[in-house]
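*Asks:* Below is the file work-v6.pdb, which contains PDB, C-alpha atoms, pLDDT in the B column.
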ATOM      1  CA  MET A 586     267.659  98.580  -8.934  1.00 56.00           C
ATOM      2  CA  SER A 587     264.249 100.184  -9.398  1.00 59.00           C
ATOM      3  CA  PRO A 588     261.998 100.820  -6.461  1.00 68.00           C
ATOM      4  CA  GLY A 589     259.015  98.468  -6.178  1.00 65.00           C
ATOM      5  CA  PRO A 590     255.424  99.538  -5.930  1.00 70.00           C
ATOM      6  CA  ALA A 591     254.565 101.792  -3.041  1.00 64.00           C
ATOM      7  CA  PRO A 592     253.258  99.911  -0.011  1.00 64.00           C
ATOM      8  CA  ALA A 593     249.531 100.111   0.560  1.00 69.00           C
ATOM      9  CA  LEU A 594     248.541 102.511   3.278  1.00 71.00           C
ATOM     10  CA  PRO A 595     246.441 101.243   6.176  1.00 84.00           C
ATOM     11  CA  PRO A 596     242.766 102.221   6.038  1.00 89.00           C
ATOM     12  CA  LEU A 597     241.716 105.533   7.529  1.00 91.00           C
ATOM     13  CA  VAL A 598     239.150 104.943  10.294  1.00 94.00           C
ATOM     14  CA  LEU A 599     236.891 107.871  11.179  1.00 94.00           C
ATOM     15  CA  ARG A 600     234.969 107.608  14.448  1.00 95.00           C
ATOM     16  CA  CYS A 601     231.978 109.659  15.583  1.00 95.00           C
ATOM     17  CA  ARG A 602     232.758 112.842  17.469  1.00 95.00           C
ATOM     18  CA  PRO A 603     231.917 112.403  21.174  1.00 95.00           C
ATOM     19  CA  VAL A 604     229.706 115.504  21.309  1.00 94.00           C
ATOM     20  CA  TRP A 605     227.268 113.992  18.779  1.00 93.00           C
ATOM     21  CA  ARG A 606     227.212 110.644  20.564  1.00 95.00           C
ATOM     22  CA  ILE A 607     226.573 112.285  23.955  1.00 96.00           C
ATOM     23  CA  ALA A 608     223.960 114.745  22.647  1.00 95.00           C
ATOM     24  CA  HIS A 609     221.895 112.183  20.735  1.00 95.00           C
ATOM     25  CA  GLY A 610     222.285 109.545  23.440  1.00 96.00           C
ATOM     26  CA  ALA A 611     221.112 111.962  26.124  1.00 98.00           C
ATOM     27  CA  ALA A 612     218.218 113.118  23.932  1.00 97.00           C
ATOM     28  CA  ALA A 613     217.151 109.498  23.318  1.00 97.00           C
ATOM     29  CA  LEU A 614     217.291 108.697  27.018  1.00 98.00           C
ATOM     30  CA  ALA A 615     215.418 111.857  28.034  1.00 98.00           C
ATOM     31  CA  LEU A 616     212.675 111.404  25.433  1.00 98.00           C
ATOM     32  CA  LEU A 617     212.173 107.741  26.300  1.00 97.00           C
ATOM     33  CA  VAL A 618     211.970 108.538  30.025  1.00 97.00           C
ATOM     34  CA  LEU A 619     209.528 111.401  29.417  1.00 96.00           C
ATOM     35  CA  GLY A 620     207.407 109.254  27.103  1.00 95.00           C
ATOM     36  CA  THR A 621     207.290 106.416  29.623  1.00 95.00           C
ATOM     37  CA  ASP A 622     206.368 108.826  32.428  1.00 93.00           C
ATOM     38  CA  ALA A 623     203.622 110.394  30.320  1.00 90.00           C
ATOM     39  CA  LEU A 624     202.299 106.924  29.446  1.00 90.00           C
ATOM     40  CA  VAL A 625     202.208 105.877  33.114  1.00 90.00           C
ATOM     41  CA  ARG A 626     200.431 109.103  34.076  1.00 87.00           C
ATOM     42  CA  SER A 627     197.821 108.715  31.337  1.00 85.00           C
ATOM     43  CA  VAL A 628     197.100 105.122  32.354  1.00 83.00           C
ATOM     44  CA  ALA A 629     196.975 105.943  36.096  1.00 79.00           C
ATOM     45  CA  GLY A 630     194.609 108.881  35.746  1.00 77.00           C
ATOM     46  CA  PRO A 631     192.967 109.033  32.327  1.00 71.00           C
ATOM     47  CA  SER A 632     191.729 112.416  31.259  1.00 71.00           C
ATOM     48  CA  SER A 633     190.006 113.574  28.134  1.00 67.00           C
ATOM     49  CA  GLY A 634     192.678 116.080  27.089  1.00 75.00           C
ATOM     50  CA  TRP A 635     194.282 115.588  23.690  1.00 74.00           C
ATOM     51  CA  LEU A 636     197.735 116.344  25.091  1.00 76.00           C
ATOM     52  CA  THR A 637     197.673 113.429  27.526  1.00 78.00           C
ATOM     53  CA  ILE A 638     196.569 111.102  24.734  1.00 83.00           C
ATOM     54  CA  TRP A 639     199.105 112.145  22.080  1.00 89.00           C
ATOM     55  CA  ALA A 640     202.147 113.047  24.208  1.00 90.00           C
ATOM     56  CA  PRO A 641     203.276 109.492  25.134  1.00 92.00           C
ATOM     57  CA  PRO A 642     203.410 108.040  21.602  1.00 94.00           C
ATOM     58  CA  ILE A 643     205.043 111.171  20.187  1.00 96.00           C
ATOM     59  CA  LEU A 644     207.707 111.256  22.920  1.00 96.00           C
ATOM     60  CA  LEU A 645     208.370 107.526  22.628  1.00 97.00           C
ATOM     61  CA  ALA A 646     208.625 107.713  18.823  1.00 97.00           C
ATOM     62  CA  ALA A 647     211.057 110.650  19.014  1.00 97.00           C
ATOM     63  CA  GLY A 648     213.132 108.808  21.625  1.00 97.00           C
ATOM     64  CA  ALA A 649     213.203 105.684  19.465  1.00 98.00           C
ATOM     65  CA  ALA A 650     214.309 107.753  16.456  1.00 97.00           C
ATOM     66  CA  CYS A 651     217.168 109.289  18.465  1.00 96.00           C
ATOM     67  CA  ALA A 652     218.194 105.851  19.756  1.00 97.00           C
ATOM     68  CA  TYR A 653     218.155 104.512  16.178  1.00 97.00           C
ATOM     69  CA  PHE A 654     220.386 107.394  15.023  1.00 95.00           C
ATOM     70  CA  VAL A 655     222.846 106.664  17.840  1.00 96.00           C
ATOM     71  CA  ALA A 656     222.958 102.942  17.057  1.00 95.00           C
ATOM     72  CA  ARG A 657     223.179 103.398  13.277  1.00 95.00           C
ATOM     73  CA  PHE A 658     225.589 106.316  12.975  1.00 95.00           C
ATOM     74  CA  CYS A 659     227.164 107.272  16.321  1.00 95.00           C
ATOM     75  CA  PHE A 660     228.373 103.739  17.104  1.00 96.00           C
ATOM     76  CA  ALA A 661     229.513 103.182  13.504  1.00 95.00           C
ATOM     77  CA  ALA A 662     232.915 103.864  11.987  1.00 95.00           C
ATOM     78  CA  LEU A 663     233.617 105.226   8.523  1.00 95.00           C
ATOM     79  CA  VAL A 664     236.582 103.367   6.985  1.00 95.00           C
ATOM     80  CA  LEU A 665     238.332 104.758   3.891  1.00 95.00           C
ATOM     81  CA  ASP A 666     240.916 102.812   1.894  1.00 92.00           C
ATOM     82  CA  ASP A 667     242.198 102.464  -1.676  1.00 91.00           C
ATOM     83  CA  ASP A 668     239.201 100.381  -2.794  1.00 91.00           C
ATOM     84  CA  GLY A 669     236.442 102.576  -1.375  1.00 93.00           C
ATOM     85  CA  PHE A 670     234.770 103.352   1.909  1.00 95.00           C
ATOM     86  CA  ARG A 671     232.693 101.388   4.395  1.00 95.00           C
ATOM     87  CA  LEU A 672     230.200 102.412   7.024  1.00 94.00           C
ATOM     88  CA  ARG A 673     230.345  99.707   9.709  1.00 95.00           C
ATOM     89  CA  GLY A 674     228.332  99.616  12.898  1.00 94.00           C
ATOM     90  CA  PRO A 675     225.693  97.681  14.836  1.00 93.00           C
ATOM     91  CA  LEU A 676     222.852  98.573  12.434  1.00 94.00           C
ATOM     92  CA  VAL A 677     224.730  99.301   9.206  1.00 93.00           C
ATOM     93  CA  ASP A 678     227.294  97.509   7.070  1.00 93.00           C
ATOM     94  CA  ARG A 679     227.662  99.165   3.667  1.00 93.00           C
ATOM     95  CA  ASP A 680     230.632  98.969   1.307  1.00 94.00           C
ATOM     96  CA  VAL A 681     230.984 101.415  -1.582  1.00 95.00           C
ATOM     97  CA  SER A 682     233.859 101.340  -4.051  1.00 94.00           C
ATOM     98  CA  TRP A 683     235.186 104.614  -5.390  1.00 94.00           C
ATOM     99  CA  THR A 684     234.508 103.499  -8.969  1.00 92.00           C
ATOM    100  CA  SER A 685     230.845 102.663  -8.284  1.00 94.00           C
ATOM    101  CA  VAL A 686     229.989 106.199  -7.136  1.00 94.00           C
ATOM    102  CA  ILE A 687     227.666 107.728  -9.717  1.00 94.00           C
ATOM    103  CA  GLY A 688     227.090 111.023  -7.937  1.00 94.00           C
ATOM    104  CA  TRP A 689     227.104 112.680  -4.563  1.00 95.00           C
ATOM    105  CA  SER A 690     225.940 115.920  -3.024  1.00 95.00           C
ATOM    106  CA  ARG A 691     226.125 117.702   0.276  1.00 93.00           C
ATOM    107  CA  LEU A 692     222.596 118.395   1.469  1.00 89.00           C
ATOM    108  CA  PRO A 693     221.747 121.708   3.120  1.00 82.00           C
ATOM    109  CA  GLN A 694     222.235 121.812   6.861  1.00 80.00           C
ATOM    110  CA  ARG A 695     218.928 122.319   8.683  1.00 81.00           C
ATOM    111  CA  GLY A 696     219.292 122.289  12.448  1.00 80.00           C
ATOM    112  CA  GLY A 697     221.602 119.299  12.591  1.00 81.00           C
ATOM    113  CA  PRO A 698     224.805 117.949  11.140  1.00 86.00           C
ATOM    114  CA  ALA A 699     225.621 118.355   7.485  1.00 90.00           C
ATOM    115  CA  VAL A 700     224.732 115.310   5.387  1.00 93.00           C
ATOM    116  CA  VAL A 701     226.274 113.739   2.280  1.00 95.00           C
ATOM    117  CA  ARG A 702     224.022 111.699  -0.025  1.00 95.00           C
ATOM    118  CA  ILE A 703     225.815 109.237  -2.285  1.00 96.00           C
ATOM    119  CA  VAL A 704     224.321 107.429  -5.290  1.00 96.00           C
ATOM    120  CA  HIS A 705     226.278 104.303  -6.179  1.00 94.00           C
ATOM    121  CA  GLY A 706     226.192 100.964  -7.938  1.00 90.00           C
ATOM    122  CA  PRO A 707     224.276  99.656 -10.923  1.00 91.00           C
ATOM    123  CA  GLY A 708     220.988  99.820  -9.009  1.00 92.00           C
ATOM    124  CA  ARG A 709     221.622 103.487  -8.169  1.00 94.00           C
ATOM    125  CA  ARG A 710     221.406 102.767  -4.438  1.00 94.00           C
ATOM    126  CA  ARG A 711     221.470 105.730  -2.107  1.00 95.00           C
ATOM    127  CA  LEU A 712     223.544 106.066   1.046  1.00 94.00           C
ATOM    128  CA  THR A 713     223.153 109.036   3.366  1.00 93.00           C
ATOM    129  CA  ILE A 714     225.987 109.771   5.777  1.00 94.00           C
ATOM    130  CA  PRO A 715     225.823 112.546   8.384  1.00 94.00           C
ATOM    131  CA  LEU A 716     229.135 114.348   8.741  1.00 93.00           C
ATOM    132  CA  ILE A 717     229.458 113.637  12.472  1.00 94.00           C
ATOM    133  CA  TYR A 718     232.766 111.812  12.119  1.00 95.00           C
ATOM    134  CA  GLU A 719     236.171 113.213  12.970  1.00 94.00           C
ATOM    135  CA  ASP A 720     237.814 114.594   9.819  1.00 92.00           C
ATOM    136  CA  SER A 721     234.700 113.790   7.780  1.00 91.00           C
ATOM    137  CA  HIS A 722     235.788 116.345   5.187  1.00 91.00           C
ATOM    138  CA  VAL A 723     238.182 113.630   3.970  1.00 94.00           C
ATOM    139  CA  LEU A 724     235.179 111.650   2.693  1.00 94.00           C
ATOM    140  CA  GLU A 725     234.025 114.627   0.637  1.00 93.00           C
ATOM    141  CA  LEU A 726     237.538 115.079  -0.707  1.00 94.00           C
ATOM    142  CA  GLY A 727     237.704 111.401  -1.689  1.00 93.00           C
ATOM    143  CA  LEU A 728     234.297 111.532  -3.350  1.00 94.00           C
ATOM    144  CA  GLY A 729     235.401 114.561  -5.345  1.00 92.00           C
ATOM    145  CA  GLN A 730     238.591 112.796  -6.460  1.00 92.00           C
ATOM    146  CA  ARG A 731     236.848 109.396  -6.940  1.00 92.00           C
ATOM    147  CA  ARG A 732     239.667 107.697  -5.013  1.00 91.00           C
ATOM    148  CA  PHE A 733     241.386 107.647  -1.663  1.00 90.00           C
ATOM    149  CA  PRO A 734     241.910 111.336  -0.938  1.00 87.00           C
ATOM    150  CA  LYS A 735     245.282 112.872  -1.706  1.00 85.00           C
ATOM    151  CA  TYR A 736     246.223 116.351  -0.621  1.00 76.00           C
TER     152      TYR A 736
END
Now, as a test, write the supplied structure out as structure tokens.
*Replies:*
Amino acid sequence: MSPGPAPALPPLVLRCRPVWRIAHGAAALALLVLGTDALVRSVAGPSSGWLTIWAPPILLAAGAACAYFVARFCFAALVLDDDGFRLRGPLVDRDVSWTSVIGWSRLPQRGGPAVVRIVHGPGRRRLTIPLIYEDSHVLELGLGQRRFPKY
């Protein structure tokens, strides 16, 4: 009696590390509060200084960018299985099969988390994933092997 095919393994789910979620969430909250306070102060007592004019929109835009990062990446999960990988969250839902990956590279780290840029599909779509997930090196290993990573 010959053994049958090996059973399929369950998908590997990588969640965001709590330190990144807390840091970016706190930064978003702080910047939004500071931007709102600066906006209220500039409306209550207008002055002609350039700092009081430009500070509120800059702080609010930076806070919105941090909040977007949290919602897109920190609340998302990276799921790896035999077919490919998926980035699923409130603001992102992207599936990439291992065979559709044309190329990938790890971008230089500049003051934040390391980032992997993946080019995939017939339209050469790009997907950028920050390596803020637990055991995110497994994604790089899988991309290098063009399949579910094996050690």
*Asks:* May I have the residues within 8 Å of Gly674 in chain A as a list in words, using all atoms listed in the file and disregarding those fewer than 2 positions away in the same chain?
*Replies:*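 Using all atoms listed in the file, the neighbours found are Ala656, Arg657, Phe658, Phe660, Ala661, Ala662, Leu672, Leu676, Val677 and Asp678 of chain A.
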*Asks:* Do a neighbour search on range 691-699 of chain A at 9 Å with only C-alpha atoms, toss out local chain neighbours closer than 3 positions, and write the hits as a ChimeraX atom specification.
*Replies:* /A:605,702-703,714-717,725
*Asks:* Kindly give the distance, in Å, that separates CA of Leu617 in chain A and CA of Ala649 in chain A, rounded to a single decimal.
*Replies:*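 Distance reported for this atom pair: 7.2 Å.
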*Asks:* Using all atoms listed in the file, determine which residues lie at most 10 Å from range 628-641 of chain A, disregarding the query and same-chain residues fewer than 6 positions distant; provide the list as a tab-separated table (two decimals) with C-alpha atoms, keeping the file's coordinate frame.
*Replies:*
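Dumped to selection_6.tsv:
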chain	number	residue	atom	x	y	z
A	616	LEU	CA	212.68	111.40	25.43
A	617	LEU	CA	212.17	107.74	26.30
A	619	LEU	CA	209.53	111.40	29.42
A	620	GLY	CA	207.41	109.25	27.10
A	621	THR	CA	207.29	106.42	29.62
A	622	ASP	CA	206.37	108.83	32.43
A	647	ALA	CA	211.06	110.65	19.01
*Asks:* Select, from A:Ala612, A:Leu599, A:Val625, A:Leu645, the residue with the minimum atom-to-atom distance to Asp720 in chain A, counting only C-alpha atoms.
*Replies:* A:Leu599
*Asks:* Mind pulling up the distance from CA of Asp667 in chain A to CA of Pro596 in chain A?
*Replies:*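 Computing it gives 7.7 Å between the two atoms.
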